[in-house]
Every structure is written in C-alpha cells, then in structure tokens.
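Q: What follows is run02.pdb, made up of PDB, C-alpha atoms:
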```pdb
ATOM      1  CA  MET V   1       8.987  -7.868  -3.896  1.00  0.00           C
ATOM      2  CA  ILE V   2       5.779  -5.843  -4.227  1.00  0.00           C
ATOM      3  CA  GLN V   3       2.445  -7.527  -4.907  1.00  0.00           C
ATOM      4  CA  HIS V   4       0.310  -5.144  -6.961  1.00  0.00           C
ATOM      5  CA  VAL V   5      -3.356  -6.154  -6.888  1.00  0.00           C
ATOM      6  CA  VAL V   6      -6.126  -4.456  -8.857  1.00  0.00           C
ATOM      7  CA  MET V   7      -9.862  -5.143  -8.807  1.00  0.00           C
ATOM      8  CA  VAL V   8     -12.410  -3.543 -11.080  1.00  0.00           C
ATOM      9  CA  THR V   9     -16.088  -3.562 -11.873  1.00  0.00           C
ATOM     10  CA  PHE V  10     -17.121  -3.115 -15.476  1.00  0.00           C
ATOM     11  CA  LYS V  11     -19.593  -0.499 -16.625  1.00  0.00           C
ATOM     12  CA  GLU V  12     -22.981  -1.920 -17.510  1.00  0.00           C
ATOM     13  CA  ASP V  13     -22.456  -1.048 -21.156  1.00  0.00           C
ATOM     14  CA  ALA V  14     -18.992  -2.656 -21.341  1.00  0.00           C
ATOM     15  CA  GLY V  15     -19.128  -5.209 -24.144  1.00  0.00           C
ATOM     16  CA  GLU V  16     -17.757  -8.739 -24.106  1.00  0.00           C
ATOM     17  CA  GLU V  17     -15.439  -7.877 -26.974  1.00  0.00           C
ATOM     18  CA  GLN V  18     -14.003  -4.954 -24.969  1.00  0.00           C
ATOM     19  CA  ILE V  19     -13.325  -7.234 -21.997  1.00  0.00           C
ATOM     20  CA  ASP V  20     -11.726  -9.759 -24.343  1.00  0.00           C
ATOM     21  CA  GLU V  21      -9.594  -6.932 -25.702  1.00  0.00           C
ATOM     22  CA  LEU V  22      -8.553  -5.974 -22.155  1.00  0.00           C
ATOM     23  CA  GLU V  23      -7.458  -9.575 -21.526  1.00  0.00           C
ATOM     24  CA  ARG V  24      -5.585  -9.631 -24.828  1.00  0.00           C
ATOM     25  CA  LEU V  25      -3.742  -6.379 -24.031  1.00  0.00           C
ATOM     26  CA  LEU V  26      -2.909  -7.493 -20.487  1.00  0.00           C
ATOM     27  CA  GLY V  27      -1.715 -10.884 -21.699  1.00  0.00           C
ATOM     28  CA  ALA V  28       0.763  -9.204 -24.033  1.00  0.00           C
ATOM     29  CA  LEU V  29       2.413  -7.055 -21.332  1.00  0.00           C
ATOM     30  CA  PRO V  30       4.740  -9.581 -19.618  1.00  0.00           C
ATOM     31  CA  ALA V  31       6.574 -10.118 -22.905  1.00  0.00           C
ATOM     32  CA  VAL V  32       7.240  -6.401 -23.402  1.00  0.00           C
ATOM     33  CA  ILE V  33       7.661  -5.009 -19.854  1.00  0.00           C
ATOM     34  CA  PRO V  34      10.664  -6.679 -18.211  1.00  0.00           C
ATOM     35  CA  GLU V  35       9.769  -5.327 -14.764  1.00  0.00           C
ATOM     36  CA  ILE V  36       6.813  -7.757 -14.561  1.00  0.00           C
ATOM     37  CA  ARG V  37       7.656 -10.734 -12.316  1.00  0.00           C
ATOM     38  CA  GLN V  38       4.147 -12.160 -12.004  1.00  0.00           C
ATOM     39  CA  TYR V  39       1.026 -11.321 -13.975  1.00  0.00           C
ATOM     40  CA  ASP V  40      -2.202 -13.233 -13.423  1.00  0.00           C
ATOM     41  CA  PHE V  41      -5.659 -11.917 -14.173  1.00  0.00           C
ATOM     42  CA  GLY V  42      -9.167 -13.061 -14.880  1.00  0.00           C
ATOM     43  CA  ARG V  43     -12.894 -12.587 -14.584  1.00  0.00           C
ATOM     44  CA  ASP V  44     -14.648 -13.362 -11.335  1.00  0.00           C
ATOM     45  CA  VAL V  45     -16.314 -16.768 -11.329  1.00  0.00           C
ATOM     46  CA  LEU V  46     -18.164 -16.750  -7.977  1.00  0.00           C
ATOM     47  CA  ARG V  47     -20.347 -13.655  -8.448  1.00  0.00           C
ATOM     48  CA  SER V  48     -21.086 -13.182  -4.747  1.00  0.00           C
ATOM     49  CA  GLU V  49     -22.539  -9.939  -3.432  1.00  0.00           C
ATOM     50  CA  ARG V  50     -19.014  -8.857  -2.483  1.00  0.00           C
ATOM     51  CA  SER V  51     -17.508  -9.808  -5.835  1.00  0.00           C
ATOM     52  CA  PHE V  52     -15.916  -7.338  -8.182  1.00  0.00           C
ATOM     53  CA  ASP V  53     -15.844  -8.350 -11.868  1.00  0.00           C
ATOM     54  CA  PHE V  54     -12.164  -8.763 -12.648  1.00  0.00           C
ATOM     55  CA  ALA V  55      -8.792  -8.840 -10.889  1.00  0.00           C
ATOM     56  CA  LEU V  56      -5.114  -8.559 -11.725  1.00  0.00           C
ATOM     57  CA  VAL V  57      -2.437  -9.965  -9.414  1.00  0.00           C
ATOM     58  CA  SER V  58       1.073  -8.884 -10.337  1.00  0.00           C
ATOM     59  CA  ALA V  59       4.508  -8.655  -8.745  1.00  0.00           C
ATOM     60  CA  PHE V  60       7.444  -6.277  -9.143  1.00  0.00           C
ATOM     61  CA  GLU V  61      10.901  -6.174  -7.603  1.00  0.00           C
ATOM     62  CA  ASP V  62      10.246  -2.892  -5.806  1.00  0.00           C
ATOM     63  CA  LEU V  63       8.213   0.321  -5.990  1.00  0.00           C
ATOM     64  CA  GLU V  64      10.573   1.799  -8.588  1.00  0.00           C
ATOM     65  CA  ALA V  65       9.970  -1.171 -10.909  1.00  0.00           C
ATOM     66  CA  LEU V  66       6.226  -0.832 -10.332  1.00  0.00           C
ATOM     67  CA  ASP V  67       6.457   2.836 -11.263  1.00  0.00           C
ATOM     68  CA  ARG V  68       8.333   2.071 -14.502  1.00  0.00           C
ATOM     69  CA  TYR V  69       5.600  -0.449 -15.362  1.00  0.00           C
ATOM     70  CA  ARG V  70       2.880   2.112 -14.656  1.00  0.00           C
ATOM     71  CA  ARG V  71       4.502   4.644 -16.992  1.00  0.00           C
ATOM     72  CA  HIS V  72       5.215   2.157 -19.813  1.00  0.00           C
ATOM     73  CA  PRO V  73       3.362   3.143 -23.043  1.00  0.00           C
ATOM     74  CA  ARG V  74       1.837  -0.323 -23.429  1.00  0.00           C
ATOM     75  CA  HIS V  75       0.484  -0.142 -19.879  1.00  0.00           C
ATOM     76  CA  GLN V  76      -0.860   3.334 -20.567  1.00  0.00           C
ATOM     77  CA  GLU V  77      -2.758   1.815 -23.502  1.00  0.00           C
ATOM     78  CA  VAL V  78      -4.383  -0.647 -21.075  1.00  0.00           C
ATOM     79  CA  LEU V  79      -5.276   2.195 -18.688  1.00  0.00           C
ATOM     80  CA  GLN V  80      -7.025   4.042 -21.517  1.00  0.00           C
ATOM     81  CA  LEU V  81      -9.184   1.011 -22.295  1.00  0.00           C
ATOM     82  CA  MET V  82      -9.881   0.495 -18.580  1.00  0.00           C
ATOM     83  CA  GLY V  83     -10.962   4.122 -18.320  1.00  0.00           C
ATOM     84  CA  ARG V  84     -13.584   3.444 -20.992  1.00  0.00           C
ATOM     85  CA  ILE V  85     -14.975   0.160 -19.669  1.00  0.00           C
ATOM     86  CA  CYS V  86     -14.333   0.126 -15.904  1.00  0.00           C
ATOM     87  CA  ASP V  87     -16.595   1.607 -13.299  1.00  0.00           C
ATOM     88  CA  ARG V  88     -14.855   1.143  -9.947  1.00  0.00           C
ATOM     89  CA  THR V  89     -11.140   0.381  -9.530  1.00  0.00           C
ATOM     90  CA  GLN V  90      -9.517  -0.566  -6.213  1.00  0.00           C
ATOM     91  CA  VAL V  91      -5.849  -1.276  -5.655  1.00  0.00           C
ATOM     92  CA  VAL V  92      -3.649  -2.722  -2.920  1.00  0.00           C
ATOM     93  CA  ASP V  93       0.141  -2.845  -3.057  1.00  0.00           C
ATOM     94  CA  PHE V  94       1.796  -4.881  -0.338  1.00  0.00           C
ATOM     95  CA  THR V  95       5.228  -6.321   0.392  1.00  0.00           C
ATOM     96  CA  LEU V  96       5.530 -10.022  -0.340  1.00  0.00           C
ATOM     97  CA  LYS V  97       7.092 -11.764   2.652  1.00  0.00           C
ATOM     98  CA  ARG V  98       8.116 -14.930   0.821  1.00  0.00           C
TER      99      ARG V  98
ATOM    100  CA  MET U   1      -6.414 -23.510  -9.776  1.00  0.00           C
ATOM    101  CA  ILE U   2      -8.542 -20.711  -8.353  1.00  0.00           C
ATOM    102  CA  GLN U   3      -7.002 -17.398  -7.307  1.00  0.00           C
ATOM    103  CA  HIS U   4      -9.020 -16.029  -4.391  1.00  0.00           C
ATOM    104  CA  VAL U   5      -8.321 -12.326  -3.851  1.00  0.00           C
ATOM    105  CA  VAL U   6      -9.735 -10.229  -1.012  1.00  0.00           C
ATOM    106  CA  MET U   7      -9.350  -6.496  -0.376  1.00  0.00           C
ATOM    107  CA  VAL U   8     -10.587  -4.669   2.679  1.00  0.00           C
ATOM    108  CA  THR U   9     -10.666  -1.261   4.247  1.00  0.00           C
ATOM    109  CA  PHE U  10     -10.369  -1.023   8.011  1.00  0.00           C
ATOM    110  CA  LYS U  11     -12.844   0.841  10.185  1.00  0.00           C
ATOM    111  CA  GLU U  12     -11.515   4.124  11.503  1.00  0.00           C
ATOM    112  CA  ASP U  13     -11.510   2.757  15.036  1.00  0.00           C
ATOM    113  CA  ALA U  14      -9.655  -0.448  14.124  1.00  0.00           C
ATOM    114  CA  GLY U  15      -6.559  -0.563  16.294  1.00  0.00           C
ATOM    115  CA  GLU U  16      -3.035  -1.464  15.273  1.00  0.00           C
ATOM    116  CA  GLU U  17      -3.083  -4.406  17.673  1.00  0.00           C
ATOM    117  CA  GLN U  18      -6.259  -5.736  16.009  1.00  0.00           C
ATOM    118  CA  ILE U  19      -4.652  -5.527  12.569  1.00  0.00           C
ATOM    119  CA  ASP U  20      -1.560  -7.244  13.937  1.00  0.00           C
ATOM    120  CA  GLU U  21      -3.844  -9.939  15.341  1.00  0.00           C
ATOM    121  CA  LEU U  22      -5.485 -10.351  11.914  1.00  0.00           C
ATOM    122  CA  GLU U  23      -2.050 -10.860  10.352  1.00  0.00           C
ATOM    123  CA  ARG U  24      -1.127 -13.342  13.062  1.00  0.00           C
ATOM    124  CA  LEU U  25      -4.324 -15.356  12.561  1.00  0.00           C
ATOM    125  CA  LEU U  26      -3.963 -15.323   8.758  1.00  0.00           C
ATOM    126  CA  GLY U  27      -0.316 -16.321   8.971  1.00  0.00           C
ATOM    127  CA  ALA U  28      -1.253 -19.409  10.984  1.00  0.00           C
ATOM    128  CA  LEU U  29      -3.820 -20.720   8.476  1.00  0.00           C
ATOM    129  CA  PRO U  30      -1.573 -22.330   5.813  1.00  0.00           C
ATOM    130  CA  ALA U  31      -0.176 -24.726   8.439  1.00  0.00           C
ATOM    131  CA  VAL U  32      -3.630 -25.902   9.515  1.00  0.00           C
ATOM    132  CA  ILE U  33      -5.741 -25.768   6.317  1.00  0.00           C
ATOM    133  CA  PRO U  34      -4.262 -28.162   3.744  1.00  0.00           C
ATOM    134  CA  GLU U  35      -6.410 -26.759   0.929  1.00  0.00           C
ATOM    135  CA  ILE U  36      -4.310 -23.555   0.897  1.00  0.00           C
ATOM    136  CA  ARG U  37      -1.843 -23.572  -2.016  1.00  0.00           C
ATOM    137  CA  GLN U  38      -0.793 -19.927  -1.832  1.00  0.00           C
ATOM    138  CA  TYR U  39      -1.401 -17.385   0.916  1.00  0.00           C
ATOM    139  CA  ASP U  40       0.102 -13.915   0.714  1.00  0.00           C
ATOM    140  CA  PHE U  41      -1.253 -10.849   2.452  1.00  0.00           C
ATOM    141  CA  GLY U  42      -0.244  -7.435   3.679  1.00  0.00           C
ATOM    142  CA  ARG U  43      -1.045  -3.822   4.316  1.00  0.00           C
ATOM    143  CA  ASP U  44      -1.136  -1.380   1.451  1.00  0.00           C
ATOM    144  CA  VAL U  45       2.043   0.655   1.122  1.00  0.00           C
ATOM    145  CA  LEU U  46       1.150   3.115  -1.670  1.00  0.00           C
ATOM    146  CA  ARG U  47      -1.930   4.781  -0.102  1.00  0.00           C
ATOM    147  CA  SER U  48      -3.248   6.180  -3.386  1.00  0.00           C
ATOM    148  CA  GLU U  49      -6.794   7.479  -3.669  1.00  0.00           C
ATOM    149  CA  ARG U  50      -7.807   4.096  -5.128  1.00  0.00           C
ATOM    150  CA  SER U  51      -6.022   2.075  -2.457  1.00  0.00           C
ATOM    151  CA  PHE U  52      -7.793  -0.233  -0.062  1.00  0.00           C
ATOM    152  CA  ASP U  53      -5.984  -0.920   3.235  1.00  0.00           C
ATOM    153  CA  PHE U  54      -5.142  -4.615   3.079  1.00  0.00           C
ATOM    154  CA  ALA U  55      -5.219  -7.528   0.632  1.00  0.00           C
ATOM    155  CA  LEU U  56      -5.041 -11.296   0.675  1.00  0.00           C
ATOM    156  CA  VAL U  57      -3.987 -13.276  -2.410  1.00  0.00           C
ATOM    157  CA  SER U  58      -4.580 -17.010  -2.090  1.00  0.00           C
ATOM    158  CA  ALA U  59      -4.902 -20.049  -4.320  1.00  0.00           C
ATOM    159  CA  PHE U  60      -6.903 -23.268  -4.112  1.00  0.00           C
ATOM    160  CA  GLU U  61      -7.086 -26.326  -6.319  1.00  0.00           C
ATOM    161  CA  ASP U  62     -10.730 -25.725  -7.229  1.00  0.00           C
ATOM    162  CA  LEU U  63     -13.964 -24.168  -5.959  1.00  0.00           C
ATOM    163  CA  GLU U  64     -14.667 -27.170  -3.703  1.00  0.00           C
ATOM    164  CA  ALA U  65     -11.306 -26.685  -1.946  1.00  0.00           C
ATOM    165  CA  LEU U  66     -12.028 -22.965  -1.601  1.00  0.00           C
ATOM    166  CA  ASP U  67     -15.373 -23.822  -0.024  1.00  0.00           C
ATOM    167  CA  ARG U  68     -13.768 -26.201   2.488  1.00  0.00           C
ATOM    168  CA  TYR U  69     -11.328 -23.417   3.416  1.00  0.00           C
ATOM    169  CA  ARG U  70     -14.175 -20.947   3.878  1.00  0.00           C
ATOM    170  CA  ARG U  71     -15.999 -23.299   6.240  1.00  0.00           C
ATOM    171  CA  HIS U  72     -12.896 -24.241   8.270  1.00  0.00           C
ATOM    172  CA  PRO U  73     -13.270 -23.220  11.965  1.00  0.00           C
ATOM    173  CA  ARG U  74      -9.921 -21.406  11.970  1.00  0.00           C
ATOM    174  CA  HIS U  75     -10.997 -19.386   8.923  1.00  0.00           C
ATOM    175  CA  GLN U  76     -14.324 -18.627  10.581  1.00  0.00           C
ATOM    176  CA  GLU U  77     -12.334 -17.190  13.490  1.00  0.00           C
ATOM    177  CA  VAL U  78     -10.604 -14.823  11.046  1.00  0.00           C
ATOM    178  CA  LEU U  79     -13.955 -13.820   9.536  1.00  0.00           C
ATOM    179  CA  GLN U  80     -15.257 -12.899  12.983  1.00  0.00           C
ATOM    180  CA  LEU U  81     -12.297 -10.593  13.598  1.00  0.00           C
ATOM    181  CA  MET U  82     -12.667  -9.122  10.108  1.00  0.00           C
ATOM    182  CA  GLY U  83     -16.334  -8.440  10.823  1.00  0.00           C
ATOM    183  CA  ARG U  84     -15.278  -6.333  13.806  1.00  0.00           C
ATOM    184  CA  ILE U  85     -12.479  -4.341  12.201  1.00  0.00           C
ATOM    185  CA  CYS U  86     -13.227  -4.210   8.450  1.00  0.00           C
ATOM    186  CA  ASP U  87     -15.398  -1.660   6.767  1.00  0.00           C
ATOM    187  CA  ARG U  88     -15.565  -2.628   3.089  1.00  0.00           C
ATOM    188  CA  THR U  89     -14.647  -6.059   1.706  1.00  0.00           C
ATOM    189  CA  GLN U  90     -14.342  -6.849  -2.008  1.00  0.00           C
ATOM    190  CA  VAL U  91     -13.518 -10.230  -3.501  1.00  0.00           C
ATOM    191  CA  VAL U  92     -12.555 -11.645  -6.890  1.00  0.00           C
ATOM    192  CA  ASP U  93     -12.133 -15.350  -7.627  1.00  0.00           C
ATOM    193  CA  PHE U  94     -10.627 -16.169 -10.988  1.00  0.00           C
ATOM    194  CA  THR U  95      -9.147 -19.186 -12.739  1.00  0.00           C
ATOM    195  CA  LEU U  96      -5.346 -19.176 -12.849  1.00  0.00           C
ATOM    196  CA  LYS U  97      -4.191 -19.900 -16.386  1.00  0.00           C
ATOM    197  CA  ARG U  98      -0.624 -20.892 -15.469  1.00  0.00           C
TER     198      ARG U  98
END
```
What would you get if you wrote out this structure as structure tokens?
A:
Amino acid sequence: MIQHVVMVTFKEDAGEEQIDELERLLGALPAVIPEIRQYDFGRDVLRSERSFDFALVSAFEDLEALDRYRRHPRHQEVLQLMGRICDRTQVVDFTLKR
Amino acid sequence: MIQHVVMVTFKEDAGEEQIDELERLLGALPAVIPEIRQYDFGRDVLRSERSFDFALVSAFEDLEALDRYRRHPRHQEVLQLMGRICDRTQVVDFTLKR
C-alpha cells in the first residue's frame, strides 16, 4: 500500500469560498474513484512557523492505482482548482509497512 | 483526533546509516509513547520535482496529547537527529473527520 501525502500553502488572495470548494471537491472523490483506500484532508490548526496550510493523506494499493487516480477526470478538476489557489505544493509517497 | 503530518528533505551530506537510524528511532516510539494512535513513515519512492524525501503521518487524540508526545524525551532524541540530517521540515496538523 502506498501512502500519498500532499501539503500545500494557499496564495494570499485565495478566498475562503475557494478553499471550501476544494474541500467539497476532495470530499466527493472517494465515492467516484475506486482506487482510493484512504482519503483524509484538512486545514492546518497549529499555524507554527513550519506549518503549511492544508494537507491530504491518502492511500492506494500500489503505484499503478495511484497513477489511475492522478489521471481521473474528477481528480484533474481538483488539480485545476489547486493550480489557481495554491502557492507551494510538496508531496511524499511512501510504502505503508502495516 | 488530530492528524500530525511531517515532511522533510535530507541534507546532501546525510548518510544512509543516519536515515536508517532515524527510521529505527521513529519505529521505537509507538511502544513507548502511549499518546501515539497512528505512526506511519517512510522514504519517498516517486522522486517527482515536488517530492520531499521523507514523511511521517501520525495521529493523536487531541492537541494536548500531541504536545505531550512532542515533549517526550524519546521524541526529543529524534528531533536532535533530525536537526543534524534534515534540511527543510514542513508540518500540517489537521482534524480527522472520520
């Protein structure tokens, strides 16, 4: 199982309603993309100097399943919105040992 | 429940044996810090241009439990090693909805 983790910062001019829309779009994905095994996300609550603004923690059976998810039209829709409102994006994909 | 997510990049001179040691120290924490509810970590396997080198995905009952974990001597030991071998560190703490 692959843990796919994404962290982003939002652009200064990203609006609350756009971030709400991102959460709405993300929340709809597990029901339409069968490759998704885990899908948790949310806004940072600690706001430390090392904090990014938002994270997604997801899991997929393997790298092929992750790739199908990436190319899914509904995920592409999310990427388009993220391109408009996100500043920095960092990703780590690691193998879950459990 | 709070999802505590950490991503790091390693310094160029960080050695394999130091990264192995980090994994060994992290792997020992769930048995000694009762606040830990989830603790998964690993090295990035995709190596995209947005990839950091390593991530930790953990969960704690609440922010107080997360704070006790942070201050635990065995966690402090990990932070000291990370200070020596990590370059950039980014964190997101979000509320798990499930």
Q: Region 68-83 of chain U: which residues within 8 Å, counting all atoms listed in the file, same-chain residues fewer than 5 positions away excluded, as a ChimeraX atom specification?
A: /U:22,25-26,29,33,35-36
Q: Only residues of chain U matter here; which ones have an atom within 8 Å of chain V, counting only C-alpha atoms? Give them as a ChimeraX atom specification.
A: /U:5,7,40-46,50-55,57,89-97
Q: Would you save the residues from that selection as a PDB file, in the frame of the given file, using C-alpha atoms?
A:
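And here is the file that came out, out36.pdb:
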```
ATOM      1  CA  VAL U   5      -8.321 -12.326  -3.851  1.00  0.00           C
ATOM      2  CA  MET U   7      -9.350  -6.496  -0.376  1.00  0.00           C
ATOM      3  CA  ASP U  40       0.102 -13.915   0.714  1.00  0.00           C
ATOM      4  CA  PHE U  41      -1.253 -10.849   2.452  1.00  0.00           C
ATOM      5  CA  GLY U  42      -0.244  -7.435   3.679  1.00  0.00           C
ATOM      6  CA  ARG U  43      -1.045  -3.822   4.316  1.00  0.00           C
ATOM      7  CA  ASP U  44      -1.136  -1.380   1.451  1.00  0.00           C
ATOM      8  CA  VAL U  45       2.043   0.655   1.122  1.00  0.00           C
ATOM      9  CA  LEU U  46       1.150   3.115  -1.670  1.00  0.00           C
ATOM     10  CA  ARG U  50      -7.807   4.096  -5.128  1.00  0.00           C
ATOM     11  CA  SER U  51      -6.022   2.075  -2.457  1.00  0.00           C
ATOM     12  CA  PHE U  52      -7.793  -0.233  -0.062  1.00  0.00           C
ATOM     13  CA  ASP U  53      -5.984  -0.920   3.235  1.00  0.00           C
ATOM     14  CA  PHE U  54      -5.142  -4.615   3.079  1.00  0.00           C
ATOM     15  CA  ALA U  55      -5.219  -7.528   0.632  1.00  0.00           C
ATOM     16  CA  VAL U  57      -3.987 -13.276  -2.410  1.00  0.00           C
ATOM     17  CA  THR U  89     -14.647  -6.059   1.706  1.00  0.00           C
ATOM     18  CA  GLN U  90     -14.342  -6.849  -2.008  1.00  0.00           C
ATOM     19  CA  VAL U  91     -13.518 -10.230  -3.501  1.00  0.00           C
ATOM     20  CA  VAL U  92     -12.555 -11.645  -6.890  1.00  0.00           C
ATOM     21  CA  ASP U  93     -12.133 -15.350  -7.627  1.00  0.00           C
ATOM     22  CA  PHE U  94     -10.627 -16.169 -10.988  1.00  0.00           C
ATOM     23  CA  THR U  95      -9.147 -19.186 -12.739  1.00  0.00           C
ATOM     24  CA  LEU U  96      -5.346 -19.176 -12.849  1.00  0.00           C
ATOM     25  CA  LYS U  97      -4.191 -19.900 -16.386  1.00  0.00           C
TER      26      LYS U  97
END
```
Q: For CA of Ile85 (chain V) and CA of Arg24 (chain V), determine how far apart the two atoms are, in Å to one decimal place.
A: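 Straight-line distance from CA of Ile85 (chain V) to CA of Arg24 (chain V) works out to 14.5 Å.
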Q: What gap, in Å, lies between CA of Gln38 (chain V) and CA of Glu64 (chain V)?
A: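 Distance reported for this atom pair: 15.7 Å.
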Q: Go ahead and compute the interatomic distance for CA of Cys86 (chain U) and CA of Ser58 (chain U), in Å to one decimal.
A: 18.7 Å
Q: Would you please work out which residue, of V:Asp87, V:Glu23, V:Glu61, V:Asp67, is nearest to Phe10 (chain V) when using all atoms listed in the file?
A: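 Among the listed residues, the smallest separation from Phe10 (chain V) belongs to V:Asp87.
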